[in-house]
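Colleague: I am sharing model_12.cif, which consists of mmCIF, C-alpha atoms and all ligand atoms:
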```
data_target
#
loop_
_atom_site.label_atom_id
_atom_site.label_comp_id
_atom_site.auth_asym_id
_atom_site.auth_seq_id
_atom_site.Cartn_x
_atom_site.Cartn_y
_atom_site.Cartn_z
CA MET S 1 0.00 0.00 0.00
CA ASN S 2 1.42 3.42 -0.79
CA SER S 3 0.58 6.73 0.83
CA LYS S 4 1.31 9.28 -1.89
CA LYS S 5 -1.28 11.83 -2.88
CA LYS S 6 -3.39 10.72 -5.81
CA LEU S 7 -3.47 12.73 -9.00
CA ILE S 8 -6.49 13.25 -11.25
CA ALA S 9 -5.73 14.78 -14.64
CA GLY S 10 -8.36 15.85 -17.13
CA ASN S 11 -7.49 15.68 -20.81
CA TRP S 12 -9.75 18.01 -22.76
CA LYS S 13 -8.29 16.81 -26.08
CA MET S 14 -9.34 19.11 -28.97
CA ASN S 15 -12.44 20.38 -27.21
CA GLY S 16 -13.40 23.69 -25.69
CA GLY S 17 -13.76 27.35 -26.52
CA LEU S 18 -13.40 30.56 -24.54
CA ALA S 19 -16.94 30.56 -23.15
CA ALA S 20 -17.12 26.81 -22.47
CA ASN S 21 -13.70 26.79 -20.78
CA GLU S 22 -14.68 29.60 -18.49
CA ALA S 23 -17.92 27.93 -17.43
CA LEU S 24 -16.20 24.60 -16.88
CA LEU S 25 -13.30 26.02 -14.86
CA LYS S 26 -15.48 28.26 -12.71
CA ALA S 27 -17.61 25.26 -11.75
CA LEU S 28 -14.52 23.13 -11.18
CA VAL S 29 -12.65 25.64 -9.03
CA ALA S 30 -15.79 26.39 -7.00
CA GLY S 31 -16.29 22.68 -6.28
CA LEU S 32 -12.71 21.96 -5.33
CA GLU S 33 -12.18 23.49 -1.96
CA ASN S 34 -11.44 20.27 -0.15
CA ALA S 35 -9.76 18.19 -2.83
CA ALA S 36 -7.68 15.45 -1.22
CA CYS S 37 -5.77 14.79 -4.44
CA ASP S 38 -3.76 16.80 -6.95
CA VAL S 39 -5.87 18.09 -9.84
CA VAL S 40 -4.56 18.84 -13.32
CA VAL S 41 -6.20 19.97 -16.56
CA ALA S 42 -4.50 19.35 -19.92
CA VAL S 43 -5.89 21.95 -22.28
CA PRO S 44 -5.43 22.84 -25.96
CA ALA S 45 -2.40 25.14 -26.41
CA PRO S 46 -4.33 28.24 -27.55
CA TYR S 47 -6.17 28.33 -24.23
CA LEU S 48 -3.16 28.07 -21.92
CA ALA S 49 -3.19 31.77 -21.05
CA GLN S 50 -6.93 31.77 -20.43
CA VAL S 51 -6.77 28.67 -18.23
CA GLN S 52 -3.71 29.97 -16.40
CA ALA S 53 -5.69 33.11 -15.47
CA LEU S 54 -8.85 31.23 -14.52
CA THR S 55 -7.04 28.72 -12.30
CA ALA S 56 -4.65 31.20 -10.63
CA GLY S 57 -4.70 30.77 -6.86
CA SER S 58 -6.64 27.49 -7.10
CA VAL S 59 -5.40 23.94 -6.61
CA VAL S 60 -5.80 23.21 -10.33
CA ALA S 61 -2.45 22.76 -12.07
CA LEU S 62 -2.04 23.43 -15.76
CA ALA S 63 -0.91 20.81 -18.26
CA ALA S 64 -0.18 20.79 -21.96
CA GLN S 65 -1.37 17.92 -24.14
CA ASP S 66 1.96 17.61 -25.93
CA VAL S 67 5.41 19.18 -26.10
CA SER S 68 7.93 19.37 -28.90
CA GLN S 69 10.96 17.09 -28.79
CA HIS S 70 12.98 20.03 -30.16
CA GLU S 71 14.32 22.92 -28.15
CA ALA S 72 13.59 25.77 -30.59
CA GLY S 73 13.85 26.71 -34.26
CA ALA S 74 12.36 25.79 -37.62
CA TYR S 75 9.62 23.41 -36.44
CA THR S 76 6.42 24.99 -37.73
CA GLY S 77 3.39 24.27 -35.60
CA GLU S 78 5.34 22.94 -32.64
CA THR S 79 5.29 24.26 -29.08
CA SER S 80 8.47 24.08 -27.03
CA ALA S 81 8.75 23.21 -23.36
CA ALA S 82 10.12 26.70 -22.64
CA MET S 83 7.03 28.26 -24.24
CA LEU S 84 4.77 26.08 -22.11
CA LYS S 85 6.71 27.09 -19.03
CA ASP S 86 6.00 30.77 -19.86
CA PHE S 87 2.31 30.03 -19.25
CA GLY S 88 2.78 28.29 -15.92
CA VAL S 89 2.49 24.79 -17.32
CA ARG S 90 3.48 22.21 -14.67
CA PHE S 91 2.69 18.94 -16.47
CA ALA S 92 2.68 17.78 -20.09
CA LEU S 93 1.11 14.66 -21.56
CA VAL S 94 3.60 12.84 -23.73
CA GLY S 95 2.96 9.82 -25.91
CA HIS S 96 -0.82 9.88 -25.66
CA SER S 97 -2.12 7.04 -27.82
CA GLU S 98 -3.78 9.54 -30.15
CA ARG S 99 -0.36 11.10 -30.76
CA ARG S 100 1.25 7.68 -31.23
CA GLN S 101 -1.56 6.56 -33.56
CA TYR S 102 -2.27 9.68 -35.67
CA HIS S 103 1.11 11.43 -35.53
CA GLY S 104 3.45 8.47 -35.68
CA GLU S 105 5.13 9.09 -32.34
CA THR S 106 7.56 6.33 -31.53
CA ASP S 107 8.90 5.32 -28.13
CA ALA S 108 12.11 7.21 -28.98
CA VAL S 109 10.21 10.42 -29.77
CA VAL S 110 8.16 10.06 -26.60
CA ALA S 111 11.39 9.73 -24.60
CA GLU S 112 12.82 12.88 -26.23
CA LYS S 113 9.64 14.78 -25.36
CA ALA S 114 9.76 13.59 -21.77
CA GLN S 115 13.39 14.70 -21.60
CA ARG S 116 12.56 18.17 -22.98
CA ALA S 117 9.74 18.61 -20.50
CA LEU S 118 11.94 17.63 -17.56
CA ALA S 119 14.74 19.93 -18.70
CA ALA S 120 12.25 22.82 -18.56
CA GLY S 121 10.96 21.86 -15.12
CA ILE S 122 7.72 20.35 -16.42
CA THR S 123 6.58 16.92 -15.22
CA PRO S 124 5.84 14.61 -18.13
CA ILE S 125 2.80 12.36 -17.84
CA VAL S 126 3.99 9.52 -20.04
CA CYS S 127 1.09 7.60 -21.59
CA ILE S 128 1.47 3.93 -22.45
CA GLY S 129 -0.96 1.17 -23.32
CA GLU S 130 -1.73 -1.69 -25.64
CA THR S 131 -4.19 -1.87 -28.53
CA LEU S 132 -7.02 -4.40 -28.55
CA GLN S 133 -5.16 -6.44 -31.16
CA GLU S 134 -2.09 -6.54 -28.93
CA ARG S 135 -4.17 -7.56 -25.90
CA ASP S 136 -5.91 -10.30 -27.85
CA ALA S 137 -2.53 -11.57 -29.02
CA GLY S 138 -1.33 -11.83 -25.40
CA GLN S 139 1.18 -9.00 -25.87
CA THR S 140 -0.06 -6.51 -23.26
CA GLU S 141 2.81 -7.01 -20.85
CA ALA S 142 5.49 -6.90 -23.52
CA VAL S 143 4.06 -3.74 -25.10
CA VAL S 144 3.70 -1.70 -21.92
CA LYS S 145 7.09 -2.83 -20.64
CA ARG S 146 8.72 -1.75 -23.90
CA GLN S 147 6.96 1.63 -23.79
CA LEU S 148 7.93 2.18 -20.15
CA ALA S 149 11.52 1.04 -20.72
CA ALA S 150 11.94 3.87 -23.23
CA VAL S 151 11.51 6.49 -20.49
CA ILE S 152 13.09 4.75 -17.52
CA HIS S 153 16.58 6.09 -18.14
CA LEU S 154 16.32 9.70 -19.20
CA ASN S 155 19.68 11.45 -19.21
CA GLY S 156 20.36 13.13 -15.91
CA HIS S 157 16.82 12.59 -14.63
CA CYS S 158 15.35 10.06 -12.28
CA ILE S 159 12.28 8.10 -13.33
CA SER S 160 10.67 9.27 -10.08
CA GLU S 161 10.29 12.73 -11.68
CA VAL S 162 7.83 11.27 -14.18
CA VAL S 163 4.14 10.37 -13.90
CA VAL S 164 3.08 7.28 -15.87
CA ALA S 165 -0.43 6.80 -17.24
CA TYR S 166 -1.52 3.31 -18.27
CA GLU S 167 -4.21 3.76 -20.88
CA PRO S 168 -5.32 0.65 -22.75
CA VAL S 169 -6.06 2.01 -26.22
CA TRP S 170 -9.23 -0.08 -26.48
CA ALA S 171 -10.64 1.71 -23.43
CA ILE S 172 -10.00 5.29 -24.54
CA GLY S 173 -13.16 7.13 -25.56
CA THR S 174 -14.97 3.84 -26.08
CA GLY S 175 -16.97 3.59 -22.87
CA ARG S 176 -15.26 0.21 -22.38
CA THR S 177 -13.24 0.46 -19.18
CA ALA S 178 -10.63 -2.02 -18.04
CA SER S 179 -11.97 -3.82 -14.98
CA PRO S 180 -10.23 -2.81 -11.74
CA GLU S 181 -8.55 -6.25 -11.75
CA GLN S 182 -7.33 -5.90 -15.35
CA ALA S 183 -5.97 -2.42 -14.65
CA GLN S 184 -4.34 -3.46 -11.36
CA ALA S 185 -2.69 -6.46 -13.03
CA VAL S 186 -0.93 -4.19 -15.54
CA HIS S 187 -0.10 -1.58 -12.90
CA ALA S 188 1.55 -4.30 -10.79
CA VAL S 189 3.72 -5.28 -13.76
CA LEU S 190 4.70 -1.64 -14.27
CA ARG S 191 5.43 -1.14 -10.57
CA ALA S 192 7.69 -4.19 -10.58
CA GLN S 193 9.54 -2.87 -13.61
CA LEU S 194 9.96 0.52 -11.93
CA SER S 195 11.11 -1.11 -8.69
CA ALA S 196 13.79 -3.02 -10.55
CA ALA S 197 15.01 0.25 -12.07
CA SER S 198 14.80 2.65 -9.15
CA GLU S 199 14.66 2.51 -5.40
CA LYS S 200 12.26 5.46 -5.63
CA ALA S 201 9.68 3.44 -7.58
CA ASP S 202 7.10 3.72 -4.82
CA ARG S 203 7.02 7.49 -5.26
CA ILE S 204 6.06 7.28 -8.93
CA ARG S 205 2.41 7.91 -9.60
CA LEU S 206 0.82 5.38 -11.93
CA LEU S 207 -2.45 6.68 -13.35
CA TYR S 208 -5.15 4.65 -15.05
CA GLY S 209 -6.92 6.12 -18.09
CA GLY S 210 -9.63 4.82 -20.38
CA SER S 211 -13.31 5.67 -19.95
CA MET S 212 -12.89 6.48 -16.26
CA ASN S 213 -16.12 8.08 -15.08
CA ALA S 214 -18.07 9.05 -11.99
CA SER S 215 -19.43 5.51 -11.59
CA ASN S 216 -16.29 3.44 -12.00
CA ALA S 217 -13.62 5.77 -10.57
CA ALA S 218 -13.85 4.71 -6.91
CA GLN S 219 -13.26 1.03 -7.66
CA LEU S 220 -10.38 1.70 -10.01
CA LEU S 221 -8.78 4.17 -7.61
CA ALA S 222 -9.06 1.69 -4.73
CA GLN S 223 -6.55 -0.65 -6.40
CA PRO S 224 -3.20 -0.72 -4.60
CA ASP S 225 -1.09 0.35 -7.59
CA ILE S 226 -3.49 2.89 -9.11
CA ASP S 227 -2.41 6.32 -7.94
CA GLY S 228 -4.83 8.43 -9.93
CA GLY S 229 -6.58 8.81 -13.23
CA LEU S 230 -6.22 10.40 -16.65
CA VAL S 231 -9.73 11.34 -17.65
CA GLY S 232 -10.86 12.37 -21.13
CA GLY S 233 -14.58 12.71 -21.81
CA ALA S 234 -15.69 12.91 -18.19
CA SER S 235 -13.32 15.83 -17.52
CA LEU S 236 -15.43 18.05 -19.77
CA LYS S 237 -18.36 17.92 -17.36
CA ALA S 238 -17.61 19.64 -14.05
CA PRO S 239 -19.99 17.52 -11.91
CA ASP S 240 -18.55 14.26 -13.29
CA PHE S 241 -14.95 15.39 -12.96
CA LEU S 242 -15.62 16.59 -9.41
CA GLN S 243 -17.09 13.20 -8.50
CA ILE S 244 -13.98 11.46 -9.81
CA ILE S 245 -11.80 13.85 -7.82
CA ALA S 246 -13.87 13.15 -4.72
CA ALA S 247 -13.27 9.43 -5.21
CA ALA S 248 -9.49 9.95 -5.16
CA ARG S 249 -8.56 9.85 -1.48
C1 LIG C 1 -7.75 10.10 -22.55
O1 LIG C 1 -7.96 10.87 -23.44
O2 LIG C 1 -6.61 10.02 -22.08
C2 LIG C 1 -8.84 9.27 -22.04
C3 LIG C 1 -8.60 8.40 -21.09
O3 LIG C 1 -10.07 9.47 -22.59
P1 LIG C 1 -11.48 8.87 -22.07
O4 LIG C 1 -11.53 9.09 -20.58
O5 LIG C 1 -12.52 9.67 -22.79
O6 LIG C 1 -11.50 7.43 -22.42
#
```
What's the structure tokens form of this structure?
Modeller:
Amino acid sequence: MNSKKKLIAGNWKMNGGLAANEALLKALVAGLENAACDVVVAVPAPYLAQVQALTAGSVVALAAQDVSQHEAGAYTGETSAAMLKDFGVRFALVGHSERRQYHGETDAVVAEKAQRALAAGITPIVCIGETLQERDAGQTEAVVKRQLAAVIHLNGHCISEVVVAYEPVWAIGTGRTASPEQAQAVHAVLRAQLSAASEKADRIRLLYGGSMNASNAAQLLAQPDIDGGLVGGASLKAPDFLQIIAAAR
């Protein structure tokens, strides 16, 4: 059993707008006075300044949904870690399955992104997870171990500076959640891999993501190696997100 504070991160994906963001964040901040866990929102880059202003002085920490693997220069459309830092960004998702799937991000690119984030003082939330095809072929363990191995030894940084999110691809946005036992089984494998690599493995927060919602969050979060959640769809509705946060004690 570990005693670290849980972390609930909302991933808005490519959703939102000035008016909707304001309404969502006002409801969220108002409902968060006694949060027992850390709360993060990963927002689209154009809204970083707006969300920074609306969450100032609250417990909500700001996250980016991606970060460039490059430091600066001729990389049209990219956002560097230093730019994110200018807007008070504290966390950045890296290697989300939608980035791996639609933007061809490899384990090596994900590791470079994690490294860039850390160098700028931003905590990477490294997303890993198997596809349905890989699960059906009995490859879940091999896939997640390979993905985690890519970020275990980041130059000059300790793995304990990273947050890991296990997100089975077949559970993301599908309404099909991994059962608490399925999720815990993978988290235990990841914890063992981390323990073999670092004596600080117990400090690393392992989040579960994939159709987490107000009804299933408590059971998932009660598992011994699940230290929080990465929440997509349900983070866009303040009452649902607040219920998930309330379940994270
Ligand atoms: C996600 O985008 O990381 C995610 C887990 O989405 P959802 O909760 O909608 O499945």
Colleague: Between atom O3 of ligand LIG 1 (chain C) and CA of Glu98 (chain S), what is the distance, to one decimal in Å?
Modeller: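 CA of Glu98 (chain S) lies at a distance of 9.8 Å from atom O3 of ligand LIG 1 (chain C).
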Colleague: Write as an MDAnalysis selection string the residues around ligand LIG 1 (chain C), taking 7 Å as the cut-off and counting all atoms listed in the file.
Modeller: chainID S and resid 11 13 96 167 171:175 209:212 230:234
Colleague: Residues at most 7 Å from Ser68 (chain S), counting all atoms listed in the file, excluding those fewer than 5 positions away in the same chain, as a PyMOL selection string?
Modeller: chain S and resi 78-81+113
Colleague: Restricted to C-alpha atoms, what would the selected residues look like written as an mmCIF file, keeping the file's coordinate frame?
Modeller:
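Generated output (result.cif):
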```cif
data_model
loop_
_atom_site.group_PDB
_atom_site.id
_atom_site.type_symbol
_atom_site.label_atom_id
_atom_site.label_comp_id
_atom_site.auth_asym_id
_atom_site.auth_seq_id
_atom_site.Cartn_x
_atom_site.Cartn_y
_atom_site.Cartn_z
ATOM 1 C CA GLU S 78 5.340 22.940 -32.640
ATOM 2 C CA THR S 79 5.290 24.260 -29.080
ATOM 3 C CA SER S 80 8.470 24.080 -27.030
ATOM 4 C CA ALA S 81 8.750 23.210 -23.360
ATOM 5 C CA LYS S 113 9.640 14.780 -25.360
#
```
Colleague: Smallest atom-to-atom distance to Trp12 (chain S): which of S:Ala108, S:Ile159, S:Ala165, S:Ala238, using only C-alpha atoms?
Modeller: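 Among the listed residues, the smallest separation from Trp12 (chain S) belongs to S:Ala238.
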Colleague: Which is closer to Asp66 (chain S) than all the others in S:Glu112, S:Glu130, S:Glu22, S:Asp86, using all atoms listed in the file?
Modeller: S:Glu112
Colleague: Using all atoms listed in the file, pick whichever of S:Ala218, S:Cys37, S:Leu154, S:Val189 has the shortest atom-to-atom distance to Ala119 (chain S).
Modeller: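 Under the stated criterion, the closest residue is S:Leu154.
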Colleague: What residues have an atom no more than 6 Å from (-8.4, 23.4, -23.7) in the file's own frame, counting only C-alpha atoms, and can you write them as a count of residues only?
Modeller: 5
